[in-house]
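A short worksheet on the structure shown next.
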Amino acid sequence: MNVFHKTSSGDTFLPRTQSFLNIGLDDTDTPGGGCTTHLGALLATYLMKNEKCRLLDYPNLVRLNPGIPWKTRGNASVVLRIDRSCNLSVEELVELISSFIDSYQGNCKHRNSSPGIVIYNGYPWINDLRGFYFRALNDVVLLDDARKIMDKHGIVYNNGRGVIGALAGIAGLAPGDPYTFELLAYRDPKYWGEKRYIDYQSVFKYDMLTGELTFSSIDPERRKQIITPHGPDPVYFGVRGIEPGKLLLALETIKGNEPIHGWCIYRTNQATSIHEKTTTTPRYHRTSKYKCTVSGNPQKIPGGHIILEAECHNTIVNLAFYRETYPLNKIATMLQPGDQITVTGPVKQRSTSVYPTITVEVLYVEELATKPVEVAPRCPKCGARMKSKGIDKGYACPKCGYYDRTATKIHVVIPRDIVPGRYTPTPMHIAHLVSPNWLHPLMLKKFPLFPVNGFCGHSINSPVNNPPVSNGSH
Ligand SMILES: [Zn+2]
């Protein structure tokens with residue numbers, strides 16, 4: 001097992017003066033996103049072993065706007081940051097990576113994939129690139145926008161549509177940004193497409209052992225492990241956390257019925273809510289944070305989903321709380337007109353509504369309406385609820401007979417069943433970028449970075465030397 005050595009430098013691990021290569025990859029995918037991270041791990045291993053490149057950071061897994069309809073599933077790009085001591089020129093690297101991807105995709109093909117390779121020699125967290133990253137997190141960015149920026153800064157890229165995500169990824173995870181880690185364990189190619197088996201008890205044990213340093217390994221309510229994907233991709237399981245050492249423990253603790261073929265720890269913007277940036281006017285495909293006032297009553301639609309009308313920056317929107325986002329859908333049924341809320345999620349078009357629909361990923365109940373309701377007064381003698389004797393005829397007590405001709409209805413504020421606060425779905429259905437409530441925000445920056453020393457397992461072999469065998473399910 002590898003040991004991580006702590007540095008005192010913390011987040012200043014890549015100083016502005018240091019020249020390094022940033023390699024961004026995207027859209028090399030199969031559904032499930034497994035291939036992009038698998039390819040990234042294989043490529044990192046290959047570059048270190050065969051080209052004597054040194055990685056300056058964990059491989060980065062950068063998630064982007066989930067609201068883009070033409071995204072690869074999961075919408076993630078992979079970034080490798082290496083020092084200049086490797087002997088390859090940027091152009092040679094692009095060529096090498098291209099053939100690496102070709103060779104890989106020969107075994108792992110996805111019909112719409114258009115791999116993007118972007119290589120930037122320099123400090124990537126400059127204004128132009130950061131701006132592009134944040135737009136890619138929230139909004140729609142176009143290939144032309146990406147090309148303009150890349151040409152301006154002398155960034156080398158290939159022809160794939162994936163250069164959008166690859167470029168955005170390069171400017172992600174800047175020093176000072178929040179981050180988490182994910183260890184991905186990969187399957188032997190002979191198991192790809194087969195049903196995964198993982199012993200729930202071992203995941204439960206792992207969750208107990210690692211406490212709050214890992215998150216979202218189990219769904220405690222359903223007593224299910226949630227570390228395995230369901231697609232035909234090469235990922236066996238993925239565990240998330242804020243300390244790499246605790247992730248490595250998964251390799252010993254978690255039991256399944258197949259050997260782990262290889263593994264890699266990614267540093268990632270997952271679970272950081274970094275996309276929840278601004279409150280803006282709702283626009284299609286934009287994922288953002290919106291302040292709204294509830295303007296209608298919750299409507300239940302088939303499937304147990306809740307639709308709620310709200311006003312957001314003078315725009316009427318429908319808020320969709322899908323059943324999978326429990327407990328959000330339950331809380332939505334308790335909201336009423338006048339409630340002030342903030343929601344996060346992508347804006348979509350629904351055929352059944354003329355208004356934009358925000359698919360709610362996070363719900364902040366800010367302020368509950370305190371609209372008083374009218375009720376009959378209580379009897380001053382015995383305390384029973386009095387009964388009206390008719391219009392303008394006052395109220396009489398049904399218990400003791402007390403009668404007051406002048407009594408009128410009184411206004412009372414009925415206590416609400418919900419309390420203000422931030423609400424997220426259960427671990428199984430929380431969106432990739434959303435920071436779960438059970439992960440304390442301060443924890444996101446608690447651990448400094450370590451020099452990269454053992455971020456992936458030896459059993460990952462390069463497909464160039466040792467091509468993975470497809471079982472035909474891709
Ligand atoms: Zn009475």
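We name chains A, B, ... following the order of the structure tokens; residues begin at 1 in each chain, and ligands are numbered from 1 as shown.
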**Study point:** Selection near Ile316 (chain A), 9 Å with only C-alpha atoms, sequence-local residues under 5 positions removed, as a PyMOL selection string
**Key:** chain A and resi 295+309-311+355-356
Requested write-out: C-alpha atoms of the selected residues, as a PDB file, in the first residue's frame:
ATOM      1  CA  SER A 295     -46.708  31.404  -6.134  1.00  0.00           C
ATOM      2  CA  GLU A 309     -45.128  27.256  -9.523  1.00  0.00           C
ATOM      3  CA  ALA A 310     -42.848  30.053  -8.363  1.00  0.00           C
ATOM      4  CA  GLU A 311     -41.730  33.509  -9.332  1.00  0.00           C
ATOM      5  CA  TYR A 355     -42.838  28.042 -18.405  1.00  0.00           C
ATOM      6  CA  PRO A 356     -39.213  27.033 -17.915  1.00  0.00           C
TER       7      PRO A 356
END
**Study point:** Selection near Ser98 (chain A), 9 Å with only C-alpha atoms, sequence-local residues under 5 positions removed, as number ranges by chain
**Key:** A: 93, 103, 115, 117, 158
Could you give me, as a Markdown table, every chain A residue with an atom at most 8 Å from ligand 1, plus its closest atom pair and distance in Å to one decimal, counting only C-alpha atoms and all ligand atoms, rows ordered by chain then number?
| residue | atom | partner | partner_atom_place_in_ligand_line | distance |
| --- | --- | --- | --- | --- |
| A:Arg378 | CA | ligand 1 | 1 (Zn) | 7.9 |
| A:Cys379 | CA | ligand 1 | 1 (Zn) | 4.7 |
| A:Pro380 | CA | ligand 1 | 1 (Zn) | 6.7 |
| A:Lys381 | CA | ligand 1 | 1 (Zn) | 5.0 |
| A:Cys382 | CA | ligand 1 | 1 (Zn) | 4.1 |
| A:Gly383 | CA | ligand 1 | 1 (Zn) | 5.9 |
| A:Ala384 | CA | ligand 1 | 1 (Zn) | 5.5 |
| A:Arg385 | CA | ligand 1 | 1 (Zn) | 7.9 |
| A:Met386 | CA | ligand 1 | 1 (Zn) | 7.4 |
| A:Ala396 | CA | ligand 1 | 1 (Zn) | 7.9 |
| A:Cys397 | CA | ligand 1 | 1 (Zn) | 4.7 |
| A:Pro398 | CA | ligand 1 | 1 (Zn) | 6.8 |
| A:Lys399 | CA | ligand 1 | 1 (Zn) | 5.2 |
| A:Cys400 | CA | ligand 1 | 1 (Zn) | 4.1 |
| A:Gly401 | CA | ligand 1 | 1 (Zn) | 5.9 |
| A:Tyr402 | CA | ligand 1 | 1 (Zn) | 5.3 |
Can you spit out the residues from that selection as a compact mmCIF listing (two decimals), in the first residue's frame, using N, CA and C atoms?
# COMPACT_ATOMS: atom_id res chain seq x y z
N ARG A 378 -62.18 31.45 21.17
CA ARG A 378 -62.40 30.49 22.26
C ARG A 378 -63.30 31.14 23.32
N CYS A 379 -64.02 30.30 24.05
CA CYS A 379 -64.91 30.77 25.12
C CYS A 379 -64.07 31.32 26.28
N PRO A 380 -64.33 32.57 26.73
CA PRO A 380 -63.53 33.15 27.82
C PRO A 380 -63.81 32.46 29.16
N LYS A 381 -64.94 31.72 29.26
CA LYS A 381 -65.27 31.08 30.54
C LYS A 381 -64.68 29.68 30.66
N CYS A 382 -64.85 28.86 29.60
CA CYS A 382 -64.39 27.47 29.72
C CYS A 382 -63.29 27.09 28.72
N GLY A 383 -63.02 27.97 27.77
CA GLY A 383 -61.91 27.70 26.86
C GLY A 383 -62.27 26.89 25.63
N ALA A 384 -63.52 26.44 25.51
CA ALA A 384 -63.92 25.65 24.34
C ALA A 384 -64.00 26.55 23.11
N ARG A 385 -63.86 25.95 21.93
CA ARG A 385 -63.98 26.72 20.68
C ARG A 385 -65.46 27.09 20.50
N MET A 386 -65.78 28.38 20.34
CA MET A 386 -67.18 28.80 20.22
C MET A 386 -67.70 28.54 18.80
N ALA A 396 -71.43 31.63 20.23
CA ALA A 396 -71.89 31.02 21.48
C ALA A 396 -71.05 29.80 21.80
N CYS A 397 -70.90 29.53 23.08
CA CYS A 397 -70.11 28.35 23.48
C CYS A 397 -71.00 27.12 23.51
N PRO A 398 -70.62 26.07 22.78
CA PRO A 398 -71.46 24.87 22.74
C PRO A 398 -71.38 24.08 24.06
N LYS A 399 -70.37 24.42 24.92
CA LYS A 399 -70.15 23.62 26.12
C LYS A 399 -70.87 24.22 27.34
N CYS A 400 -70.63 25.55 27.56
CA CYS A 400 -71.21 26.15 28.77
C CYS A 400 -72.32 27.14 28.45
N GLY A 401 -72.57 27.38 27.19
CA GLY A 401 -73.69 28.25 26.81
C GLY A 401 -73.37 29.74 26.80
N TYR A 402 -72.15 30.11 27.11
CA TYR A 402 -71.76 31.52 27.09
C TYR A 402 -72.03 32.10 25.70
Practice item. Could you tell me how far CA of Arg416 (chain A) lies from CA of Thr370 (chain A), in Å and to one decimal? Key: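 Spanning CA of Arg416 (chain A) to CA of Thr370 (chain A) is a straight-line distance of 8.7 Å.
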**Study point:** Atom-to-atom span, CA of Ser288 (chain A) and CA of Asn138 (chain A), Å
**Key:**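 Between CA of Ser288 (chain A) and CA of Asn138 (chain A) the gap is 5.9 Å.
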Quick one: DSSP alpha helix (DSSP H) residues in region 261-393 of chain A, as a short mmCIF file (atom, residue, chain, number, x, y, z; two decimals) with N, CA and C atoms, in the first residue's frame?
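Saved the output as selection_12.cif:
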data_model
loop_
_atom_site.label_atom_id
_atom_site.label_comp_id
_atom_site.auth_asym_id
_atom_site.auth_seq_id
_atom_site.Cartn_x
_atom_site.Cartn_y
_atom_site.Cartn_z
N LEU A 328 -36.66 16.08 -0.85
CA LEU A 328 -37.05 17.37 -1.42
C LEU A 328 -38.51 17.36 -1.86
N ASN A 329 -38.94 16.24 -2.49
CA ASN A 329 -40.32 16.20 -3.00
C ASN A 329 -41.33 16.25 -1.85
N LYS A 330 -40.94 15.69 -0.71
CA LYS A 330 -41.85 15.71 0.45
C LYS A 330 -41.96 17.14 1.01
N ILE A 331 -40.82 17.80 1.10
CA ILE A 331 -40.82 19.17 1.62
C ILE A 331 -41.60 20.08 0.68
N ALA A 332 -41.47 19.81 -0.62
CA ALA A 332 -42.17 20.63 -1.61
C ALA A 332 -43.68 20.61 -1.39
#
Using DSSP on the backbone coordinates, identify the residues of region 328-382 of chain A assigned to strand (DSSP E or B); present them as a PDB file with N, CA and C atoms, in the first residue's frame.
ATOM      1  N   GLN A 340     -40.469  31.956   0.767  1.00  0.00           N
ATOM      2  CA  GLN A 340     -39.244  32.354   0.074  1.00  0.00           C
ATOM      3  C   GLN A 340     -38.288  31.169   0.068  1.00  0.00           C
ATOM      4  N   ILE A 341     -37.888  30.769  -1.131  1.00  0.00           N
ATOM      5  CA  ILE A 341     -36.960  29.643  -1.223  1.00  0.00           C
ATOM      6  C   ILE A 341     -35.848  29.952  -2.226  1.00  0.00           C
ATOM      7  N   THR A 342     -34.772  29.200  -2.148  1.00  0.00           N
ATOM      8  CA  THR A 342     -33.731  29.263  -3.172  1.00  0.00           C
ATOM      9  C   THR A 342     -33.547  27.833  -3.668  1.00  0.00           C
ATOM     10  N   VAL A 343     -33.457  27.683  -4.980  1.00  0.00           N
ATOM     11  CA  VAL A 343     -33.261  26.335  -5.520  1.00  0.00           C
ATOM     12  C   VAL A 343     -32.041  26.314  -6.431  1.00  0.00           C
ATOM     13  N   THR A 344     -31.440  25.142  -6.546  1.00  0.00           N
ATOM     14  CA  THR A 344     -30.334  24.944  -7.469  1.00  0.00           C
ATOM     15  C   THR A 344     -30.712  23.825  -8.418  1.00  0.00           C
ATOM     16  N   GLY A 345     -30.410  24.022  -9.691  1.00  0.00           N
ATOM     17  CA  GLY A 345     -30.676  22.948 -10.642  1.00  0.00           C
ATOM     18  C   GLY A 345     -30.682  23.471 -12.057  1.00  0.00           C
ATOM     19  N   PRO A 346     -30.668  22.550 -13.024  1.00  0.00           N
ATOM     20  CA  PRO A 346     -30.697  22.947 -14.436  1.00  0.00           C
ATOM     21  C   PRO A 346     -32.097  23.380 -14.873  1.00  0.00           C
ATOM     22  N   VAL A 347     -32.148  24.295 -15.821  1.00  0.00           N
ATOM     23  CA  VAL A 347     -33.418  24.774 -16.365  1.00  0.00           C
ATOM     24  C   VAL A 347     -33.717  23.999 -17.637  1.00  0.00           C
ATOM     25  N   LYS A 348     -34.904  23.391 -17.683  1.00  0.00           N
ATOM     26  CA  LYS A 348     -35.267  22.572 -18.834  1.00  0.00           C
ATOM     27  C   LYS A 348     -36.613  22.991 -19.377  1.00  0.00           C
ATOM     28  N   THR A 357     -38.752  25.032 -16.645  1.00  0.00           N
ATOM     29  CA  THR A 357     -38.820  24.163 -15.471  1.00  0.00           C
ATOM     30  C   THR A 357     -37.428  23.991 -14.872  1.00  0.00           C
ATOM     31  N   ILE A 358     -37.326  24.253 -13.597  1.00  0.00           N
ATOM     32  CA  ILE A 358     -36.046  24.022 -12.917  1.00  0.00           C
ATOM     33  C   ILE A 358     -36.136  22.668 -12.217  1.00  0.00           C
ATOM     34  N   THR A 359     -35.242  21.770 -12.586  1.00  0.00           N
ATOM     35  CA  THR A 359     -35.171  20.475 -11.914  1.00  0.00           C
ATOM     36  C   THR A 359     -34.381  20.674 -10.630  1.00  0.00           C
ATOM     37  N   VAL A 362     -31.092  21.091  -5.137  1.00  0.00           N
ATOM     38  CA  VAL A 362     -30.911  21.524  -3.748  1.00  0.00           C
ATOM     39  C   VAL A 362     -32.017  22.520  -3.445  1.00  0.00           C
ATOM     40  N   LEU A 363     -32.611  22.396  -2.271  1.00  0.00           N
ATOM     41  CA  LEU A 363     -33.664  23.318  -1.864  1.00  0.00           C
ATOM     42  C   LEU A 363     -33.251  24.023  -0.577  1.00  0.00           C
ATOM     43  N   TYR A 364     -33.263  25.345  -0.627  1.00  0.00           N
ATOM     44  CA  TYR A 364     -33.034  26.135   0.578  1.00  0.00           C
ATOM     45  C   TYR A 364     -34.375  26.756   0.964  1.00  0.00           C
ATOM     46  N   VAL A 365     -34.898  26.394   2.106  1.00  0.00           N
ATOM     47  CA  VAL A 365     -36.100  27.050   2.610  1.00  0.00           C
ATOM     48  C   VAL A 365     -35.603  28.264   3.388  1.00  0.00           C
ATOM     49  N   GLU A 366     -35.907  29.462   2.846  1.00  0.00           N
ATOM     50  CA  GLU A 366     -35.347  30.677   3.450  1.00  0.00           C
ATOM     51  C   GLU A 366     -36.294  31.262   4.500  1.00  0.00           C
ATOM     52  N   GLU A 367     -37.524  31.557   4.041  1.00  0.00           N
ATOM     53  CA  GLU A 367     -38.457  32.196   4.958  1.00  0.00           C
ATOM     54  C   GLU A 367     -39.861  31.687   4.650  1.00  0.00           C
ATOM     55  N   VAL A 373     -54.542  32.582   9.485  1.00  0.00           N
ATOM     56  CA  VAL A 373     -55.844  32.051   9.063  1.00  0.00           C
ATOM     57  C   VAL A 373     -56.900  32.479  10.090  1.00  0.00           C
ATOM     58  N   GLU A 374     -58.172  32.563   9.631  1.00  0.00           N
ATOM     59  CA  GLU A 374     -59.262  32.989  10.512  1.00  0.00           C
ATOM     60  C   GLU A 374     -59.903  31.783  11.165  1.00  0.00           C
ATOM     61  N   VAL A 375     -60.065  31.859  12.483  1.00  0.00           N
ATOM     62  CA  VAL A 375     -60.761  30.770  13.196  1.00  0.00           C
ATOM     63  C   VAL A 375     -61.734  31.383  14.205  1.00  0.00           C
ATOM     64  N   ARG A 378     -62.176  31.449  21.168  1.00  0.00           N
ATOM     65  CA  ARG A 378     -62.405  30.487  22.262  1.00  0.00           C
ATOM     66  C   ARG A 378     -63.302  31.141  23.320  1.00  0.00           C
TER      67      ARG A 378
END
Practice item. Determine the nearest neighbour of Phe455 (chain A) from the options A:Val78, A:Ile164, A:Val118, A:Leu184, counting only C-alpha atoms. Key: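 Smallest separation from Phe455 (chain A) among the options: A:Leu184.
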**Study point:** Counting only C-alpha atoms, the option among A:Asn121, A:Thr426, A:Thr37, A:Thr214 closest to Tyr157 (chain A)
**Key:** A:Asn121
Review point. In Å, how far is it from CA of Ile274 (chain A) to CA of Ile242 (chain A)?
Key: 15.6 Å
Review point. What lies within 7 Å of Thr408 (chain A) using only C-alpha atoms, ignoring chain neighbours under 2 positions off, as an MDAnalysis selection string?
Key: chainID A and resid 394 406 410
Could you give me, as CSV, every region 30-129 of chain A residue with an atom at most 10 Å from region 249-266 of chain A, plus its closest atom pair and distance in Å to one decimal, counting only C-alpha atoms, rows ordered by chain then number?
residue,atom,partner,partner_atom,distance
A:Thr37,CA,A:Tyr266,CA,8.4
A:His38,CA,A:Cys264,CA,8.2
A:Gly40,CA,A:Cys264,CA,9.1
A:Ala41,CA,A:Cys264,CA,6.1
A:Leu42,CA,A:Cys264,CA,9.2
A:Ala44,CA,A:Cys264,CA,9.8
A:Thr45,CA,A:Cys264,CA,9.8
A:Asp57,CA,A:Tyr266,CA,9.3
A:Tyr58,CA,A:Tyr266,CA,5.8
A:Pro59,CA,A:Tyr266,CA,5.2
A:Asn60,CA,A:Tyr266,CA,5.4
A:Leu61,CA,A:Tyr266,CA,5.9
A:Val62,CA,A:Tyr266,CA,9.3
A:Val78,CA,A:Tyr266,CA,8.9
A:Val79,CA,A:Tyr266,CA,9.6
Determine, using only C-alpha atoms, which residues of region 123-187 of chain A have any atom at most 7 Å from an atom of region 226-237 of chain A, and tabulate each with its shortest atom pair and distance in Å to one decimal place, rows ordered by chain and then rising number, as a tab-separated table.
residue	atom	partner	partner_atom	distance
A:Leu184	CA	A:Phe237	CA	6.0
A:Ala185	CA	A:Phe237	CA	5.4
A:Tyr186	CA	A:Val235	CA	4.5
A:Arg187	CA	A:Tyr236	CA	5.3
Practice item. Determine, counting only C-alpha atoms, which protein, DNA and RNA residues have an atom within 12 Å of an atom of Val90 (chain A); residues of the same chain fewer than 4 positions away are not included. Present the result as number ranges by chain. Key: A: 20-23, 82, 84, 86, 94-97, 117-122, 154-158
File dump, residues just selected, C-alpha atoms, as a compact mmCIF listing (two decimals), in the first residue's frame:
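again_16.txt was written with the following content:
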# COMPACT_ATOMS: atom_id res chain seq x y z
CA PHE A 20 3.91 22.81 -16.21
CA LEU A 21 1.82 21.00 -18.76
CA ASN A 22 -1.91 20.68 -18.33
CA ILE A 23 -3.48 17.88 -20.34
CA ILE A 82 2.80 17.11 -15.40
CA ARG A 84 8.30 19.88 -18.03
CA CYS A 86 9.43 14.88 -19.72
CA VAL A 94 -1.00 15.45 -28.63
CA GLU A 95 -0.01 12.85 -31.19
CA LEU A 96 0.86 10.28 -28.56
CA ILE A 97 -2.39 10.87 -26.67
CA ILE A 117 -7.35 16.81 -26.26
CA VAL A 118 -6.16 20.17 -24.96
CA ILE A 119 -2.62 20.86 -23.78
CA TYR A 120 -1.60 24.09 -22.14
CA ASN A 121 1.96 24.82 -21.15
CA GLY A 122 1.70 27.33 -18.32
CA GLY A 154 -1.38 29.43 -27.67
CA ILE A 155 -3.11 26.34 -26.33
CA VAL A 156 -2.64 23.22 -28.45
CA TYR A 157 -5.75 21.18 -29.22
CA ASN A 158 -7.16 18.59 -31.56
Review point. Neighbours of Pro436 (chain A) within 9 Å (only C-alpha atoms; same-chain residues fewer than 4 positions away dropped), as number ranges by chain?
Key: A: 215-216, 271-273, 423-427, 430, 440
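Restricting the calculation to only C-alpha atoms, the smallest distance between Arg240 (chain A) and any of A:His429, A:Arg222, A:Arg267, A:Lys195 is found for A:Arg267.
Considering only C-alpha atoms, the residue among A:His313, A:His432, A:Arg130, A:Arg350 positioned nearest to Leu64 (chain A) is A:His432.
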